>>> print(open('input-v1.pdb').read())   # PDB, C-alpha atoms
MODEL        1
ATOM      1  CA  MET J   1     336.661 232.346 275.985  1.00  0.00           C
ATOM      2  CA  PHE J   2     338.656 234.190 278.623  1.00  0.00           C
ATOM      3  CA  ARG J   3     340.018 236.595 276.001  1.00  0.00           C
ATOM      4  CA  LEU J   4     336.465 237.444 274.951  1.00  0.00           C
ATOM      5  CA  ILE J   5     335.439 238.152 278.537  1.00  0.00           C
ATOM      6  CA  LYS J   6     338.624 240.158 279.076  1.00  0.00           C
ATOM      7  CA  MET J   7     337.956 242.269 275.939  1.00  0.00           C
ATOM      8  CA  PHE J   8     334.350 242.814 277.025  1.00  0.00           C
ATOM      9  CA  ILE J   9     335.482 244.070 280.447  1.00  0.00           C
ATOM     10  CA  TYR J  10     338.005 246.432 278.803  1.00  0.00           C
ATOM     11  CA  LEU J  11     335.277 247.718 276.511  1.00  0.00           C
ATOM     12  CA  ILE J  12     333.014 248.439 279.481  1.00  0.00           C
ATOM     13  CA  ILE J  13     335.843 250.278 281.276  1.00  0.00           C
ATOM     14  CA  ILE J  14     336.647 252.406 278.207  1.00  0.00           C
ATOM     15  CA  ALA J  15     332.952 253.195 277.636  1.00  0.00           C
ATOM     16  CA  THR J  16     332.614 254.247 281.281  1.00  0.00           C
ATOM     17  CA  ILE J  17     335.635 256.543 281.008  1.00  0.00           C
ATOM     18  CA  VAL J  18     334.252 258.128 277.837  1.00  0.00           C
ATOM     19  CA  ILE J  19     330.826 258.670 279.418  1.00  0.00           C
ATOM     20  CA  VAL J  20     332.387 260.237 282.528  1.00  0.00           C
ATOM     21  CA  PHE J  21     334.562 262.506 280.353  1.00  0.00           C
ATOM     22  CA  ILE J  22     331.509 263.646 278.385  1.00  0.00           C
ATOM     23  CA  MET J  23     329.505 264.305 281.529  1.00  0.00           C
ATOM     24  CA  TYR J  24     332.391 266.215 283.128  1.00  0.00           C
ATOM     25  CA  ASN J  25     333.046 268.474 280.110  1.00  0.00           C
ATOM     26  CA  GLY J  26     329.434 268.839 279.068  1.00  0.00           C
ATOM     27  CA  GLY J  27     328.144 268.426 275.558  1.00  0.00           C
ATOM     28  CA  ASP J  28     330.104 271.341 274.099  1.00  0.00           C
ATOM     29  CA  LYS J  29     332.743 269.102 272.583  1.00  0.00           C
ATOM     30  CA  LEU J  30     330.136 266.876 270.985  1.00  0.00           C
ATOM     31  CA  ARG J  31     328.157 269.861 269.696  1.00  0.00           C
ATOM     32  CA  TRP J  32     331.333 271.323 268.193  1.00  0.00           C
ATOM     33  CA  PHE J  33     332.071 268.029 266.451  1.00  0.00           C
ATOM     34  CA  GLY J  34     328.479 267.833 265.220  1.00  0.00           C
ATOM     35  CA  LYS J  35     328.599 271.365 263.789  1.00  0.00           C
ATOM     36  CA  LYS J  36     331.883 270.706 262.020  1.00  0.00           C
ATOM     37  CA  SER J  37     330.635 267.446 260.532  1.00  0.00           C
ATOM     38  CA  GLU J  38     327.421 269.198 259.427  1.00  0.00           C
ATOM     39  CA  ASN J  39     329.466 271.866 257.623  1.00  0.00           C
ATOM     40  CA  VAL J  40     331.542 269.197 255.937  1.00  0.00           C
ATOM     41  CA  GLY J  41     328.367 267.390 254.888  1.00  0.00           C
ATOM     42  CA  LYS J  42     326.958 270.559 253.314  1.00  0.00           C
ATOM     43  CA  THR J  43     330.186 271.166 251.429  1.00  0.00           C
ATOM     44  CA  ILE J  44     330.259 267.597 250.154  1.00  0.00           C
ATOM     45  CA  LYS J  45     326.635 267.866 249.005  1.00  0.00           C
ATOM     46  CA  GLU J  46     327.329 271.119 247.125  1.00  0.00           C
ATOM     47  CA  LYS J  47     330.416 269.715 245.435  1.00  0.00           C
ATOM     48  CA  THR J  48     328.700 266.472 244.399  1.00  0.00           C
ATOM     49  CA  GLU J  49     325.813 268.432 242.872  1.00  0.00           C
ATOM     50  CA  TYR J  50     328.309 270.616 240.982  1.00  0.00           C
ATOM     51  CA  MET J  51     330.209 267.570 239.720  1.00  0.00           C
ATOM     52  CA  GLY J  52     326.936 265.891 238.731  1.00  0.00           C
ATOM     53  CA  ASP J  53     325.931 268.915 236.636  1.00  0.00           C
ATOM     54  CA  LYS J  54     329.335 269.020 234.965  1.00  0.00           C
ATOM     55  CA  SER J  55     329.277 265.298 234.182  1.00  0.00           C
ATOM     56  CA  ASP J  56     325.758 265.614 232.707  1.00  0.00           C
ATOM     57  CA  LYS J  57     326.983 268.402 230.402  1.00  0.00           C
ATOM     58  CA  ILE J  58     329.992 266.344 229.349  1.00  0.00           C
ATOM     59  CA  LYS J  59     327.817 263.295 228.645  1.00  0.00           C
ATOM     60  CA  LYS J  60     325.405 265.402 226.593  1.00  0.00           C
ATOM     61  CA  ASN J  61     328.273 266.845 224.538  1.00  0.00           C
ATOM     62  CA  LEU J  62     329.751 263.396 223.980  1.00  0.00           C
ATOM     63  CA  ASP J  63     326.379 262.009 222.881  1.00  0.00           C
ATOM     64  CA  ASN J  64     325.946 264.876 220.405  1.00  0.00           C
ATOM     65  CA  LYS J  65     329.433 264.319 218.992  1.00  0.00           C
ATOM     66  CA  LYS J  66     328.842 260.568 218.808  1.00  0.00           C
ATOM     67  CA  GLU J  67     325.646 261.101 216.808  1.00  0.00           C
ATOM     68  CA  ALA J  68     327.433 263.487 214.447  1.00  0.00           C
ATOM     69  CA  ILE J  69     330.296 261.041 213.894  1.00  0.00           C
ATOM     70  CA  GLU J  70     327.917 258.124 213.313  1.00  0.00           C
ATOM     71  CA  GLY J  71     325.972 260.194 210.775  1.00  0.00           C
ATOM     72  CA  THR J  72     329.165 261.154 208.967  1.00  0.00           C
ATOM     73  CA  VAL J  73     330.377 257.554 208.878  1.00  0.00           C
ATOM     74  CA  LYS J  74     327.056 256.360 207.424  1.00  0.00           C
ATOM     75  CA  THR J  75     327.229 259.047 204.750  1.00  0.00           C
ATOM     76  CA  VAL J  76     330.804 258.121 203.849  1.00  0.00           C
ATOM     77  CA  VAL J  77     329.936 254.420 203.684  1.00  0.00           C
ATOM     78  CA  LYS J  78     326.917 255.062 201.422  1.00  0.00           C
ATOM     79  CA  THR J  79     329.029 257.256 199.150  1.00  0.00           C
ATOM     80  CA  ALA J  80     331.760 254.616 199.034  1.00  0.00           C
ATOM     81  CA  GLU J  81     329.172 251.940 198.159  1.00  0.00           C
ATOM     82  CA  LYS J  82     327.820 254.093 195.324  1.00  0.00           C
ATOM     83  CA  HIS J  83     331.283 254.476 193.825  1.00  0.00           C
ATOM     84  CA  GLY J  84     332.073 250.787 194.238  1.00  0.00           C
ATOM     85  CA  ILE J  85     334.846 251.226 196.784  1.00  0.00           C
ATOM     86  CA  ILE J  86     333.015 249.134 199.395  1.00  0.00           C
ATOM     87  CA  ARG J  87     331.003 246.066 198.544  1.00  0.00           C
ATOM     88  CA  ARG J  88     328.746 244.593 201.171  1.00  0.00           C
ATOM     89  CA  GLU J  89     326.936 241.331 201.108  1.00  0.00           C
ATOM     90  CA  LYS J  90     323.193 241.806 200.774  1.00  0.00           C
ATOM     91  CA  GLY J  91     322.297 240.042 204.047  1.00  0.00           C
ATOM     92  CA  LYS J  92     324.689 242.049 206.242  1.00  0.00           C
ATOM     93  CA  SER J  93     323.471 245.629 205.813  1.00  0.00           C
ATOM     94  CA  ASN J  94     323.772 247.789 208.929  1.00  0.00           C
ATOM     95  CA  GLU J  95     321.098 250.375 208.101  1.00  0.00           C
TER      96      GLU J  95
ENDMDL
END
>>> encode(input="input-v1.pdb", output="structure tokens")
Amino acid sequence: MFRLIKMFIYLIIIATIVIVFIMYNGGDKLRWFGKKSENVGKTIKEKTEYMGDKSDKIKKNLDNKKEAIEGTVKTVVKTAEKHGIIRREKGKSNE
């Protein structure tokens, strides 16, 4: 219990020192930090939008290739069934 009170008192002292420092130096330091963090936020937003566009293009290309491969596999399987290379049971057709 005493440790909690002791930590609370230290926290109040540190907060008071920070507030006095801010009042003494003015808000220029905080404004500078805010501007820098705003610039970083804009850069992050731009880069995430760019990466999102790139990942959408990649996904679209992969989907197109997947459809082409699936179509080719179905054609090969049908051709193999016609020639008797593959025999499927009648109840397990994947068409």
>>> atom_distance(input="input-v1.pdb", atom1="CA of Arg87 (chain J)", atom2="CA of Thr75 (chain J)")
14.9 Å
>>> atom_distance(input="input-v1.pdb", atom1="CA of Ile86 (chain J)", atom2="CA of Ile69 (chain J)")
19.0 Å
>>> atom_distance(input="input-v1.pdb", atom1="CA of Ile19 (chain J)", atom2="CA of Phe33 (chain J)")
16.0 Å
>>> build_atoms(input="input-v1.pdb", residues="region 18-46 of chain J", atoms="N, CA and C atoms", output="PDB file, in the frame of the given file")
ATOM      1  N   VAL J  18     334.740 257.182 278.844  1.00  0.00           N
ATOM      2  CA  VAL J  18     334.252 258.128 277.837  1.00  0.00           C
ATOM      3  C   VAL J  18     332.994 258.827 278.332  1.00  0.00           C
ATOM      4  N   ILE J  19     332.066 258.079 278.908  1.00  0.00           N
ATOM      5  CA  ILE J  19     330.826 258.670 279.418  1.00  0.00           C
ATOM      6  C   ILE J  19     331.120 259.663 280.537  1.00  0.00           C
ATOM      7  N   VAL J  20     332.024 259.327 281.444  1.00  0.00           N
ATOM      8  CA  VAL J  20     332.387 260.237 282.528  1.00  0.00           C
ATOM      9  C   VAL J  20     333.033 261.499 281.963  1.00  0.00           C
ATOM     10  N   PHE J  21     333.914 261.354 280.980  1.00  0.00           N
ATOM     11  CA  PHE J  21     334.562 262.506 280.353  1.00  0.00           C
ATOM     12  C   PHE J  21     333.536 263.431 279.715  1.00  0.00           C
ATOM     13  N   ILE J  22     332.555 262.846 279.031  1.00  0.00           N
ATOM     14  CA  ILE J  22     331.509 263.646 278.385  1.00  0.00           C
ATOM     15  C   ILE J  22     330.665 264.366 279.433  1.00  0.00           C
ATOM     16  N   MET J  23     330.320 263.683 280.485  1.00  0.00           N
ATOM     17  CA  MET J  23     329.505 264.305 281.529  1.00  0.00           C
ATOM     18  C   MET J  23     330.289 265.407 282.241  1.00  0.00           C
ATOM     19  N   TYR J  24     331.563 265.235 282.433  1.00  0.00           N
ATOM     20  CA  TYR J  24     332.391 266.215 283.128  1.00  0.00           C
ATOM     21  C   TYR J  24     332.555 267.491 282.292  1.00  0.00           C
ATOM     22  N   ASN J  25     332.808 267.322 280.989  1.00  0.00           N
ATOM     23  CA  ASN J  25     333.046 268.474 280.110  1.00  0.00           C
ATOM     24  C   ASN J  25     331.761 269.036 279.515  1.00  0.00           C
ATOM     25  N   GLY J  26     330.676 268.383 279.683  1.00  0.00           N
ATOM     26  CA  GLY J  26     329.434 268.839 279.068  1.00  0.00           C
ATOM     27  C   GLY J  26     329.380 268.430 277.605  1.00  0.00           C
ATOM     28  N   GLY J  27     328.334 268.836 276.955  1.00  0.00           N
ATOM     29  CA  GLY J  27     328.144 268.426 275.558  1.00  0.00           C
ATOM     30  C   GLY J  27     328.755 269.372 274.556  1.00  0.00           C
ATOM     31  N   ASP J  28     329.524 270.365 275.022  1.00  0.00           N
ATOM     32  CA  ASP J  28     330.104 271.341 274.099  1.00  0.00           C
ATOM     33  C   ASP J  28     331.033 270.693 273.074  1.00  0.00           C
ATOM     34  N   LYS J  29     331.816 269.774 273.509  1.00  0.00           N
ATOM     35  CA  LYS J  29     332.743 269.102 272.583  1.00  0.00           C
ATOM     36  C   LYS J  29     331.972 268.323 271.522  1.00  0.00           C
ATOM     37  N   LEU J  30     330.931 267.646 271.945  1.00  0.00           N
ATOM     38  CA  LEU J  30     330.136 266.876 270.985  1.00  0.00           C
ATOM     39  C   LEU J  30     329.370 267.790 270.038  1.00  0.00           C
ATOM     40  N   ARG J  31     328.859 268.902 270.560  1.00  0.00           N
ATOM     41  CA  ARG J  31     328.157 269.861 269.696  1.00  0.00           C
ATOM     42  C   ARG J  31     329.121 270.456 268.682  1.00  0.00           C
ATOM     43  N   TRP J  32     330.335 270.778 269.103  1.00  0.00           N
ATOM     44  CA  TRP J  32     331.333 271.323 268.193  1.00  0.00           C
ATOM     45  C   TRP J  32     331.625 270.325 267.073  1.00  0.00           C
ATOM     46  N   PHE J  33     331.802 269.070 267.442  1.00  0.00           N
ATOM     47  CA  PHE J  33     332.071 268.029 266.451  1.00  0.00           C
ATOM     48  C   PHE J  33     330.886 267.887 265.507  1.00  0.00           C
ATOM     49  N   GLY J  34     329.675 267.945 266.054  1.00  0.00           N
ATOM     50  CA  GLY J  34     328.479 267.833 265.220  1.00  0.00           C
ATOM     51  C   GLY J  34     328.355 268.983 264.238  1.00  0.00           C
ATOM     52  N   LYS J  35     328.671 270.204 264.676  1.00  0.00           N
ATOM     53  CA  LYS J  35     328.599 271.365 263.789  1.00  0.00           C
ATOM     54  C   LYS J  35     329.632 271.261 262.671  1.00  0.00           C
ATOM     55  N   LYS J  36     330.827 270.839 263.030  1.00  0.00           N
ATOM     56  CA  LYS J  36     331.883 270.706 262.020  1.00  0.00           C
ATOM     57  C   LYS J  36     331.517 269.635 260.995  1.00  0.00           C
ATOM     58  N   SER J  37     330.999 268.506 261.462  1.00  0.00           N
ATOM     59  CA  SER J  37     330.635 267.446 260.532  1.00  0.00           C
ATOM     60  C   SER J  37     329.444 267.865 259.671  1.00  0.00           C
ATOM     61  N   GLU J  38     328.548 268.695 260.213  1.00  0.00           N
ATOM     62  CA  GLU J  38     327.421 269.198 259.427  1.00  0.00           C
ATOM     63  C   GLU J  38     327.925 270.120 258.314  1.00  0.00           C
ATOM     64  N   ASN J  39     328.888 270.983 258.641  1.00  0.00           N
ATOM     65  CA  ASN J  39     329.466 271.866 257.623  1.00  0.00           C
ATOM     66  C   ASN J  39     330.154 271.068 256.519  1.00  0.00           C
ATOM     67  N   VAL J  40     330.868 270.048 256.920  1.00  0.00           N
ATOM     68  CA  VAL J  40     331.542 269.197 255.937  1.00  0.00           C
ATOM     69  C   VAL J  40     330.507 268.504 255.058  1.00  0.00           C
ATOM     70  N   GLY J  41     329.422 268.040 255.655  1.00  0.00           N
ATOM     71  CA  GLY J  41     328.367 267.390 254.888  1.00  0.00           C
ATOM     72  C   GLY J  41     327.735 268.321 253.869  1.00  0.00           C
ATOM     73  N   LYS J  42     327.518 269.580 254.247  1.00  0.00           N
ATOM     74  CA  LYS J  42     326.958 270.559 253.314  1.00  0.00           C
ATOM     75  C   LYS J  42     327.919 270.806 252.155  1.00  0.00           C
ATOM     76  N   THR J  43     329.192 270.932 252.472  1.00  0.00           N
ATOM     77  CA  THR J  43     330.186 271.166 251.429  1.00  0.00           C
ATOM     78  C   THR J  43     330.247 269.989 250.468  1.00  0.00           C
ATOM     79  N   ILE J  44     330.223 268.794 251.000  1.00  0.00           N
ATOM     80  CA  ILE J  44     330.259 267.597 250.154  1.00  0.00           C
ATOM     81  C   ILE J  44     329.032 267.547 249.255  1.00  0.00           C
ATOM     82  N   LYS J  45     327.871 267.877 249.797  1.00  0.00           N
ATOM     83  CA  LYS J  45     326.635 267.866 249.005  1.00  0.00           C
ATOM     84  C   LYS J  45     326.723 268.876 247.863  1.00  0.00           C
ATOM     85  N   GLU J  46     327.199 270.093 248.164  1.00  0.00           N
ATOM     86  CA  GLU J  46     327.329 271.119 247.125  1.00  0.00           C
ATOM     87  C   GLU J  46     328.282 270.677 246.024  1.00  0.00           C
TER      88      GLU J  46
END
